[in-house]
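Data block for run_1.pdb (PDB, C-alpha atoms, pLDDT in the B column):
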```pdb
ATOM      1  CA  MET Z   1     -29.824  67.907 -65.124  1.00 39.00           C
ATOM      2  CA  SER Z   2     -26.260  67.995 -66.471  1.00 42.00           C
ATOM      3  CA  ASP Z   3     -25.061  65.612 -69.135  1.00 43.00           C
ATOM      4  CA  ASN Z   4     -21.564  64.140 -69.184  1.00 44.00           C
ATOM      5  CA  SER Z   5     -21.248  63.592 -72.943  1.00 43.00           C
ATOM      6  CA  GLU Z   6     -18.660  60.809 -72.657  1.00 46.00           C
ATOM      7  CA  ASN Z   7     -20.850  58.878 -70.238  1.00 45.00           C
ATOM      8  CA  ALA Z   8     -23.999  59.587 -72.258  1.00 40.00           C
ATOM      9  CA  ALA Z   9     -22.302  58.410 -75.456  1.00 41.00           C
ATOM     10  CA  VAL Z  10     -21.476  55.034 -73.981  1.00 39.00           C
ATOM     11  CA  GLY Z  11     -24.591  54.645 -71.885  1.00 39.00           C
ATOM     12  CA  HIS Z  12     -22.785  54.834 -68.564  1.00 43.00           C
ATOM     13  CA  GLY Z  13     -23.452  56.582 -65.315  1.00 43.00           C
ATOM     14  CA  GLY Z  14     -20.788  58.605 -63.521  1.00 48.00           C
ATOM     15  CA  GLU Z  15     -17.213  57.403 -63.641  1.00 56.00           C
ATOM     16  CA  ARG Z  16     -14.957  57.247 -60.629  1.00 56.00           C
ATOM     17  CA  ASP Z  17     -11.869  59.399 -60.270  1.00 60.00           C
ATOM     18  CA  MET Z  18      -9.535  56.621 -61.359  1.00 62.00           C
ATOM     19  CA  ALA Z  19      -6.293  58.440 -60.470  1.00 58.00           C
ATOM     20  CA  ARG Z  20      -7.494  58.897 -56.875  1.00 60.00           C
ATOM     21  CA  ASP Z  21      -8.848  55.334 -56.664  1.00 62.00           C
ATOM     22  CA  ILE Z  22      -5.641  53.754 -57.993  1.00 67.00           C
ATOM     23  CA  GLY Z  23      -3.512  55.432 -55.315  1.00 69.00           C
ATOM     24  CA  ALA Z  24      -5.802  54.584 -52.432  1.00 63.00           C
ATOM     25  CA  SER Z  25      -7.083  51.143 -53.377  1.00 69.00           C
ATOM     26  CA  SER Z  26      -6.575  47.540 -52.417  1.00 85.00           C
ATOM     27  CA  ILE Z  27      -5.793  44.831 -54.969  1.00 89.00           C
ATOM     28  CA  ALA Z  28      -9.493  43.907 -55.007  1.00 88.00           C
ATOM     29  CA  SER Z  29     -10.348  47.526 -55.836  1.00 89.00           C
ATOM     30  CA  HIS Z  30      -7.673  47.578 -58.547  1.00 89.00           C
ATOM     31  CA  ILE Z  31      -9.251  44.475 -60.082  1.00 90.00           C
ATOM     32  CA  ASP Z  32     -12.646  46.200 -60.048  1.00 90.00           C
ATOM     33  CA  LEU Z  33     -11.186  49.357 -61.633  1.00 91.00           C
ATOM     34  CA  PHE Z  34      -9.408  47.311 -64.306  1.00 91.00           C
ATOM     35  CA  PHE Z  35     -12.472  45.306 -65.311  1.00 93.00           C
ATOM     36  CA  ASP Z  36     -14.764  48.341 -65.049  1.00 94.00           C
ATOM     37  CA  GLU Z  37     -12.547  50.121 -67.574  1.00 94.00           C
ATOM     38  CA  LEU Z  38     -12.488  47.088 -69.879  1.00 95.00           C
ATOM     39  CA  HIS Z  39     -16.274  47.026 -69.628  1.00 96.00           C
ATOM     40  CA  ARG Z  40     -16.516  50.707 -70.574  1.00 97.00           C
ATOM     41  CA  ILE Z  41     -14.350  49.972 -73.627  1.00 96.00           C
ATOM     42  CA  ASP Z  42     -16.668  47.075 -74.573  1.00 96.00           C
ATOM     43  CA  VAL Z  43     -19.677  49.372 -74.121  1.00 97.00           C
ATOM     44  CA  ALA Z  44     -18.093  51.924 -76.482  1.00 97.00           C
ATOM     45  CA  TYR Z  45     -17.668  49.223 -79.170  1.00 97.00           C
ATOM     46  CA  SER Z  46     -21.229  48.027 -78.586  1.00 97.00           C
ATOM     47  CA  ASP Z  47     -22.589  51.562 -78.802  1.00 98.00           C
ATOM     48  CA  TYR Z  48     -20.765  52.089 -82.110  1.00 98.00           C
ATOM     49  CA  ALA Z  49     -22.222  48.832 -83.493  1.00 97.00           C
ATOM     50  CA  ARG Z  50     -25.728  49.850 -82.414  1.00 97.00           C
ATOM     51  CA  ARG Z  51     -25.354  53.293 -84.003  1.00 97.00           C
ATOM     52  CA  ALA Z  52     -24.046  51.622 -87.193  1.00 97.00           C
ATOM     53  CA  GLY Z  53     -27.151  49.418 -87.244  1.00 97.00           C
ATOM     54  CA  VAL Z  54     -25.441  46.061 -86.725  1.00 97.00           C
ATOM     55  CA  SER Z  55     -25.016  43.628 -83.864  1.00 97.00           C
ATOM     56  CA  ASP Z  56     -21.916  43.238 -81.731  1.00 96.00           C
ATOM     57  CA  ASN Z  57     -21.529  39.762 -83.254  1.00 97.00           C
ATOM     58  CA  VAL Z  58     -21.418  41.175 -86.788  1.00 97.00           C
ATOM     59  CA  MET Z  59     -18.785  43.723 -85.746  1.00 97.00           C
ATOM     60  CA  CYS Z  60     -16.722  41.082 -83.969  1.00 97.00           C
ATOM     61  CA  ILE Z  61     -16.736  38.752 -86.981  1.00 97.00           C
ATOM     62  CA  LEU Z  62     -16.011  41.559 -89.450  1.00 98.00           C
ATOM     63  CA  ASP Z  63     -13.134  42.797 -87.289  1.00 97.00           C
ATOM     64  CA  TYR Z  64     -11.601  39.304 -87.312  1.00 98.00           C
ATOM     65  CA  LEU Z  65     -12.175  38.749 -91.040  1.00 97.00           C
ATOM     66  CA  LYS Z  66     -10.635  42.130 -91.905  1.00 97.00           C
ATOM     67  CA  ASP Z  67      -7.256  40.679 -90.917  1.00 97.00           C
ATOM     68  CA  HIS Z  68      -8.022  37.008 -91.675  1.00 97.00           C
ATOM     69  CA  ASP Z  69      -9.840  36.953 -95.025  1.00 95.00           C
ATOM     70  CA  GLY Z  70     -10.187  33.297 -96.014  1.00 95.00           C
ATOM     71  CA  ALA Z  71     -10.402  32.047 -92.422  1.00 96.00           C
ATOM     72  CA  SER Z  72     -12.511  29.020 -91.610  1.00 95.00           C
ATOM     73  CA  GLN Z  73     -15.726  29.333 -89.659  1.00 94.00           C
ATOM     74  CA  ARG Z  74     -14.048  27.226 -86.973  1.00 92.00           C
ATOM     75  CA  ALA Z  75     -11.188  29.749 -86.710  1.00 96.00           C
ATOM     76  CA  ILE Z  76     -13.735  32.568 -86.435  1.00 97.00           C
ATOM     77  CA  CYS Z  77     -15.474  30.731 -83.568  1.00 95.00           C
ATOM     78  CA  GLU Z  78     -12.202  30.014 -81.780  1.00 96.00           C
ATOM     79  CA  TYR Z  79     -10.995  33.605 -81.964  1.00 97.00           C
ATOM     80  CA  THR Z  80     -14.255  35.425 -81.268  1.00 96.00           C
ATOM     81  CA  LEU Z  81     -15.528  32.895 -78.693  1.00 95.00           C
ATOM     82  CA  LEU Z  82     -18.930  33.110 -80.378  1.00 96.00           C
ATOM     83  CA  PRO Z  83     -21.066  29.957 -80.600  1.00 95.00           C
ATOM     84  CA  ARG Z  84     -20.856  28.035 -83.873  1.00 94.00           C
ATOM     85  CA  GLN Z  85     -24.537  28.641 -84.638  1.00 96.00           C
ATOM     86  CA  THR Z  86     -24.108  32.395 -84.180  1.00 96.00           C
ATOM     87  CA  VAL Z  87     -21.120  32.468 -86.528  1.00 96.00           C
ATOM     88  CA  ASN Z  88     -22.967  30.290 -89.047  1.00 96.00           C
ATOM     89  CA  ASN Z  89     -25.994  32.614 -88.967  1.00 97.00           C
ATOM     90  CA  VAL Z  90     -23.895  35.757 -89.445  1.00 97.00           C
ATOM     91  CA  ILE Z  91     -21.891  34.167 -92.273  1.00 97.00           C
ATOM     92  CA  ALA Z  92     -25.107  32.925 -93.931  1.00 97.00           C
ATOM     93  CA  SER Z  93     -26.423  36.498 -93.795  1.00 97.00           C
ATOM     94  CA  PHE Z  94     -23.187  37.770 -95.345  1.00 98.00           C
ATOM     95  CA  VAL Z  95     -23.517  35.171 -98.139  1.00 97.00           C
ATOM     96  CA  ALA Z  96     -27.143  36.184 -98.758  1.00 98.00           C
ATOM     97  CA  HIS Z  97     -26.091  39.842 -99.059  1.00 98.00           C
ATOM     98  CA  GLY Z  98     -23.210  38.973-101.374  1.00 97.00           C
ATOM     99  CA  PHE Z  99     -20.560  40.098 -98.878  1.00 98.00           C
ATOM    100  CA  VAL Z 100     -18.664  36.781 -98.657  1.00 97.00           C
ATOM    101  CA  GLU Z 101     -18.203  33.572-100.582  1.00 96.00           C
ATOM    102  CA  LEU Z 102     -17.627  30.184 -99.003  1.00 95.00           C
ATOM    103  CA  GLY Z 103     -14.887  27.930-100.281  1.00 92.00           C
ATOM    104  CA  ASP Z 104     -13.339  24.591 -99.412  1.00 87.00           C
ATOM    105  CA  ALA Z 105     -10.241  24.540 -97.244  1.00 83.00           C
ATOM    106  CA  GLU Z 106      -7.174  22.904 -98.706  1.00 83.00           C
ATOM    107  CA  GLY Z 107      -7.031  19.266 -97.678  1.00 79.00           C
ATOM    108  CA  ASP Z 108     -10.499  19.158 -96.077  1.00 79.00           C
ATOM    109  CA  ARG Z 109     -13.581  19.957 -98.133  1.00 79.00           C
ATOM    110  CA  ARG Z 110     -15.751  19.760 -94.996  1.00 82.00           C
ATOM    111  CA  VAL Z 111     -14.071  22.907 -93.652  1.00 85.00           C
ATOM    112  CA  LYS Z 112     -15.461  26.051 -95.275  1.00 90.00           C
ATOM    113  CA  THR Z 113     -13.409  29.197 -95.699  1.00 94.00           C
ATOM    114  CA  VAL Z 114     -14.911  32.671 -95.748  1.00 97.00           C
ATOM    115  CA  ARG Z 115     -13.640  35.202 -98.320  1.00 96.00           C
ATOM    116  CA  PHE Z 116     -14.844  38.728 -98.901  1.00 98.00           C
ATOM    117  CA  THR Z 117     -16.341  39.720-102.200  1.00 97.00           C
ATOM    118  CA  PRO Z 118     -15.445  43.239-103.371  1.00 98.00           C
ATOM    119  CA  ALA Z 119     -18.800  44.436-101.954  1.00 98.00           C
ATOM    120  CA  GLY Z 120     -18.053  42.649 -98.688  1.00 97.00           C
ATOM    121  CA  ARG Z 121     -14.625  44.232 -98.440  1.00 97.00           C
ATOM    122  CA  ARG Z 122     -16.214  47.688 -98.879  1.00 98.00           C
ATOM    123  CA  TYR Z 123     -18.878  46.837 -96.273  1.00 97.00           C
ATOM    124  CA  CYS Z 124     -16.227  45.610 -93.821  1.00 97.00           C
ATOM    125  CA  ASN Z 125     -13.977  48.611 -94.356  1.00 97.00           C
ATOM    126  CA  GLY Z 126     -16.912  50.995 -93.974  1.00 97.00           C
ATOM    127  CA  LEU Z 127     -17.703  49.575 -90.522  1.00 97.00           C
ATOM    128  CA  ILE Z 128     -14.315  48.529 -89.174  1.00 97.00           C
ATOM    129  CA  ALA Z 129     -12.014  51.301 -90.431  1.00 97.00           C
ATOM    130  CA  PRO Z 130     -13.674  53.988 -88.243  1.00 97.00           C
ATOM    131  CA  SER Z 131     -13.331  51.894 -85.073  1.00 97.00           C
ATOM    132  CA  ARG Z 132      -9.716  51.039 -85.909  1.00 97.00           C
ATOM    133  CA  ALA Z 133      -9.052  54.748 -86.500  1.00 98.00           C
ATOM    134  CA  ALA Z 134     -10.562  55.534 -83.081  1.00 97.00           C
ATOM    135  CA  GLU Z 135      -8.286  52.911 -81.493  1.00 97.00           C
ATOM    136  CA  TYR Z 136      -5.285  54.490 -83.222  1.00 98.00           C
ATOM    137  CA  ARG Z 137      -6.232  58.025 -82.179  1.00 98.00           C
ATOM    138  CA  ALA Z 138      -6.825  56.951 -78.568  1.00 97.00           C
ATOM    139  CA  MET Z 139      -3.500  55.121 -78.357  1.00 97.00           C
ATOM    140  CA  SER Z 140      -1.642  57.995 -80.032  1.00 97.00           C
ATOM    141  CA  GLU Z 141      -2.924  60.414 -77.367  1.00 97.00           C
ATOM    142  CA  LEU Z 142      -0.976  58.514 -74.707  1.00 96.00           C
ATOM    143  CA  PRO Z 143       2.591  59.639 -74.092  1.00 97.00           C
ATOM    144  CA  ASP Z 144       5.158  57.053 -75.252  1.00 96.00           C
ATOM    145  CA  GLU Z 145       6.097  56.050 -71.710  1.00 97.00           C
ATOM    146  CA  LEU Z 146       2.470  55.511 -70.669  1.00 96.00           C
ATOM    147  CA  ARG Z 147       1.731  53.553 -73.863  1.00 96.00           C
ATOM    148  CA  SER Z 148       4.767  51.330 -73.210  1.00 97.00           C
ATOM    149  CA  ALA Z 149       3.779  50.851 -69.561  1.00 96.00           C
ATOM    150  CA  LEU Z 150       0.199  49.994 -70.554  1.00 96.00           C
ATOM    151  CA  LEU Z 151       1.298  47.365 -73.065  1.00 96.00           C
ATOM    152  CA  LYS Z 152       3.975  45.925 -70.779  1.00 97.00           C
ATOM    153  CA  GLY Z 153       1.563  45.790 -67.849  1.00 96.00           C
ATOM    154  CA  MET Z 154      -1.176  44.157 -69.923  1.00 96.00           C
ATOM    155  CA  GLY Z 155       1.312  41.601 -71.269  1.00 96.00           C
ATOM    156  CA  VAL Z 156       2.595  40.683 -67.820  1.00 97.00           C
ATOM    157  CA  TYR Z 157      -0.902  40.641 -66.279  1.00 96.00           C
ATOM    158  CA  GLY Z 158      -2.237  38.560 -69.163  1.00 95.00           C
ATOM    159  CA  ARG Z 159       0.479  35.911 -68.828  1.00 97.00           C
ATOM    160  CA  VAL Z 160       0.128  35.696 -65.041  1.00 97.00           C
ATOM    161  CA  PHE Z 161      -3.686  35.664 -65.210  1.00 95.00           C
ATOM    162  CA  ARG Z 162      -3.739  32.893 -67.856  1.00 95.00           C
ATOM    163  CA  LYS Z 163      -1.394  30.804 -65.715  1.00 96.00           C
ATOM    164  CA  GLN Z 164      -3.521  31.386 -62.614  1.00 94.00           C
ATOM    165  CA  MET Z 165      -6.668  30.405 -64.528  1.00 92.00           C
ATOM    166  CA  HIS Z 166      -4.948  27.327 -65.968  1.00 91.00           C
ATOM    167  CA  ASP Z 167      -3.809  26.234 -62.505  1.00 91.00           C
ATOM    168  CA  ILE Z 168      -7.328  26.240 -61.036  1.00 87.00           C
ATOM    169  CA  PRO Z 169      -8.296  22.619 -60.373  1.00 83.00           C
ATOM    170  CA  CYS Z 170     -11.396  21.684 -62.332  1.00 72.00           C
ATOM    171  CA  SER Z 171     -12.788  19.139 -59.920  1.00 68.00           C
ATOM    172  CA  PHE Z 172     -15.615  21.439 -58.841  1.00 60.00           C
ATOM    173  CA  PRO Z 173     -18.724  19.287 -58.295  1.00 60.00           C
ATOM    174  CA  ALA Z 174     -21.133  21.456 -60.290  1.00 57.00           C
ATOM    175  CA  SER Z 175     -23.835  18.819 -59.893  1.00 56.00           C
ATOM    176  CA  ASP Z 176     -23.902  19.617 -56.154  1.00 59.00           C
ATOM    177  CA  PHE Z 177     -25.192  23.085 -57.063  1.00 61.00           C
ATOM    178  CA  ALA Z 178     -27.624  22.091 -59.789  1.00 61.00           C
ATOM    179  CA  THR Z 179     -31.033  23.718 -59.977  1.00 62.00           C
ATOM    180  CA  PRO Z 180     -33.882  23.028 -62.406  1.00 60.00           C
ATOM    181  CA  TYR Z 181     -32.431  25.920 -64.465  1.00 61.00           C
ATOM    182  CA  GLY Z 182     -28.780  24.787 -64.411  1.00 61.00           C
ATOM    183  CA  SER Z 183     -25.918  25.189 -61.988  1.00 59.00           C
ATOM    184  CA  ILE Z 184     -25.779  28.127 -59.616  1.00 58.00           C
ATOM    185  CA  VAL Z 185     -23.204  30.702 -60.644  1.00 58.00           C
ATOM    186  CA  LEU Z 186     -21.428  32.670 -57.931  1.00 57.00           C
ATOM    187  CA  LEU Z 187     -20.181  36.188 -58.562  1.00 54.00           C
ATOM    188  CA  ARG Z 188     -16.931  37.661 -57.196  1.00 55.00           C
ATOM    189  CA  ASP Z 189     -18.739  38.827 -54.078  1.00 55.00           C
ATOM    190  CA  ASN Z 190     -20.228  35.320 -53.619  1.00 52.00           C
ATOM    191  CA  THR Z 191     -23.744  36.377 -54.528  1.00 53.00           C
ATOM    192  CA  GLU Z 192     -25.731  33.990 -56.708  1.00 52.00           C
ATOM    193  CA  ILE Z 193     -27.151  34.686 -60.131  1.00 50.00           C
TER     194      ILE Z 193
END
```
When written as structure tokens, how does the structure in this file appear?
Amino acid sequence: MSDNSENAAVGHGGERDMARDIGASSIASHIDLFFDELHRIDVAYSDYARRAGVSDNVMCILDYLKDHDGASQRAICEYTLLPRQTVNNVIASFVAHGFVELGDAEGDRRVKTVRFTPAGRRYCNGLIAPSRAAEYRAMSELPDELRSALLKGMGVYGRVFRKQMHDIPCSFPASDFATPYGSIVLLRDNTEI
């Protein structure tokens, strides 16, 4: 049994020959390739968190706080898209370990800000700096023209996709598809989950 070390490292089976697939694919296949690659990137981050002994949620919050020390818990929730209770639990754990201190936001004492302690800053840097360095090394391996094309393409796709998502009418009668366990969710291929 042979072992593809890149796939083994991120817990993935065989990868497709993307160059061949891009040239011979439909738009639907391009969408699949795009999101498959994003998923593999997410899996690499998740694998790093697991190997570091922390959850994805901890890594996500630390990554945000590294650049936004003093942010409110609400801002953390809005950026990370994590539920409020999850963020509160992670922050409470950080407080208990002496990694952060909570403070009152200017103008609204009900809003709590999160600031690193010196120990918390070291903890954050110890976990986040290696992943940021990996991002830098990966991006620096791309030729300038490919890096520019990647960023331009992502920017254009992101703007168009957000507009398309915004323009979807939200009059879907979810109650028509209710089950005792909640509404039925349809996948891209119209299968139910």
**OP:** Please measure the separation of atom CA of Z:Ala105 and atom CA of Z:Ser72, giving the value in Å to one decimal.
**Re:**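 These atoms are spaced 7.5 Å apart.
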List the residues selected by the PyMOL selection byres ((chain Z and resi 82) around 12) in the file shown, writing them as a PDB file with C-alpha atoms, in the coordinates of the input.
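Wrote out20.pdb, looks like this:
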```pdb
ATOM      1  CA  ASP Z  56     -21.916  43.238 -81.731  1.00 96.00           C
ATOM      2  CA  ASN Z  57     -21.529  39.762 -83.254  1.00 97.00           C
ATOM      3  CA  VAL Z  58     -21.418  41.175 -86.788  1.00 97.00           C
ATOM      4  CA  MET Z  59     -18.785  43.723 -85.746  1.00 97.00           C
ATOM      5  CA  CYS Z  60     -16.722  41.082 -83.969  1.00 97.00           C
ATOM      6  CA  ILE Z  61     -16.736  38.752 -86.981  1.00 97.00           C
ATOM      7  CA  TYR Z  64     -11.601  39.304 -87.312  1.00 98.00           C
ATOM      8  CA  GLN Z  73     -15.726  29.333 -89.659  1.00 94.00           C
ATOM      9  CA  ARG Z  74     -14.048  27.226 -86.973  1.00 92.00           C
ATOM     10  CA  ALA Z  75     -11.188  29.749 -86.710  1.00 96.00           C
ATOM     11  CA  ILE Z  76     -13.735  32.568 -86.435  1.00 97.00           C
ATOM     12  CA  CYS Z  77     -15.474  30.731 -83.568  1.00 95.00           C
ATOM     13  CA  GLU Z  78     -12.202  30.014 -81.780  1.00 96.00           C
ATOM     14  CA  TYR Z  79     -10.995  33.605 -81.964  1.00 97.00           C
ATOM     15  CA  THR Z  80     -14.255  35.425 -81.268  1.00 96.00           C
ATOM     16  CA  LEU Z  81     -15.528  32.895 -78.693  1.00 95.00           C
ATOM     17  CA  PRO Z  83     -21.066  29.957 -80.600  1.00 95.00           C
ATOM     18  CA  ARG Z  84     -20.856  28.035 -83.873  1.00 94.00           C
ATOM     19  CA  GLN Z  85     -24.537  28.641 -84.638  1.00 96.00           C
ATOM     20  CA  THR Z  86     -24.108  32.395 -84.180  1.00 96.00           C
ATOM     21  CA  VAL Z  87     -21.120  32.468 -86.528  1.00 96.00           C
ATOM     22  CA  ASN Z  88     -22.967  30.290 -89.047  1.00 96.00           C
ATOM     23  CA  ASN Z  89     -25.994  32.614 -88.967  1.00 97.00           C
ATOM     24  CA  VAL Z  90     -23.895  35.757 -89.445  1.00 97.00           C
TER      25      VAL Z  90
END
```
Original post:
Could you write out as a list in words the residues that the PyMOL selection byres ((chain Z and resi 101) around 9) matches in the shown file?
Top reply: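 That selection, the PyMOL selection byres ((chain Z and resi 101) around 9), comes back as Phe94, Val95, Gly98, Phe99, Val100, Leu102, Gly103, Thr113, Val114, Arg115, Phe116 and Thr117 of chain Z.
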Subject >> Selected residue, from Z:Ser131, Z:Ser148, Z:Ser26, Z:Ser140, that lies nearest to Z:Ala49 when counting only C-alpha atoms >> reply: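 Comparing Z:Ser131, Z:Ser148, Z:Ser26, Z:Ser140 against Z:Ala49, the winner is Z:Ser131.
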**OP:** Return as a list in words the set of residues that the PyMOL selection byres ((chain Z and resi 66) around 9) yields on the displayed structure.
**Re:**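 Those residues are Ile61, Leu62, Asp63, Tyr64, Leu65, Asp67, His68, Asp69, Phe116, Arg121, Cys124, Asn125 and Ile128 of chain Z.
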Subject >> Point-to-point distance in Å for atom CA of Z:Ala71 and atom CA of Z:Arg110 >> reply: 13.6 Å
Original post:
Distance atom CA of Z:Ala52-atom CA of Z:Ala129, one decimal place?
Top reply: 12.5 Å
Original post:
Which residue gives the smallest distance to Z:Ser93 among Z:Tyr157, Z:Ala134, Z:Gly120, Z:Arg40, with all atoms listed in the file counted?
Top reply: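 The answer is Z:Gly120, which sits nearest to Z:Ser93.
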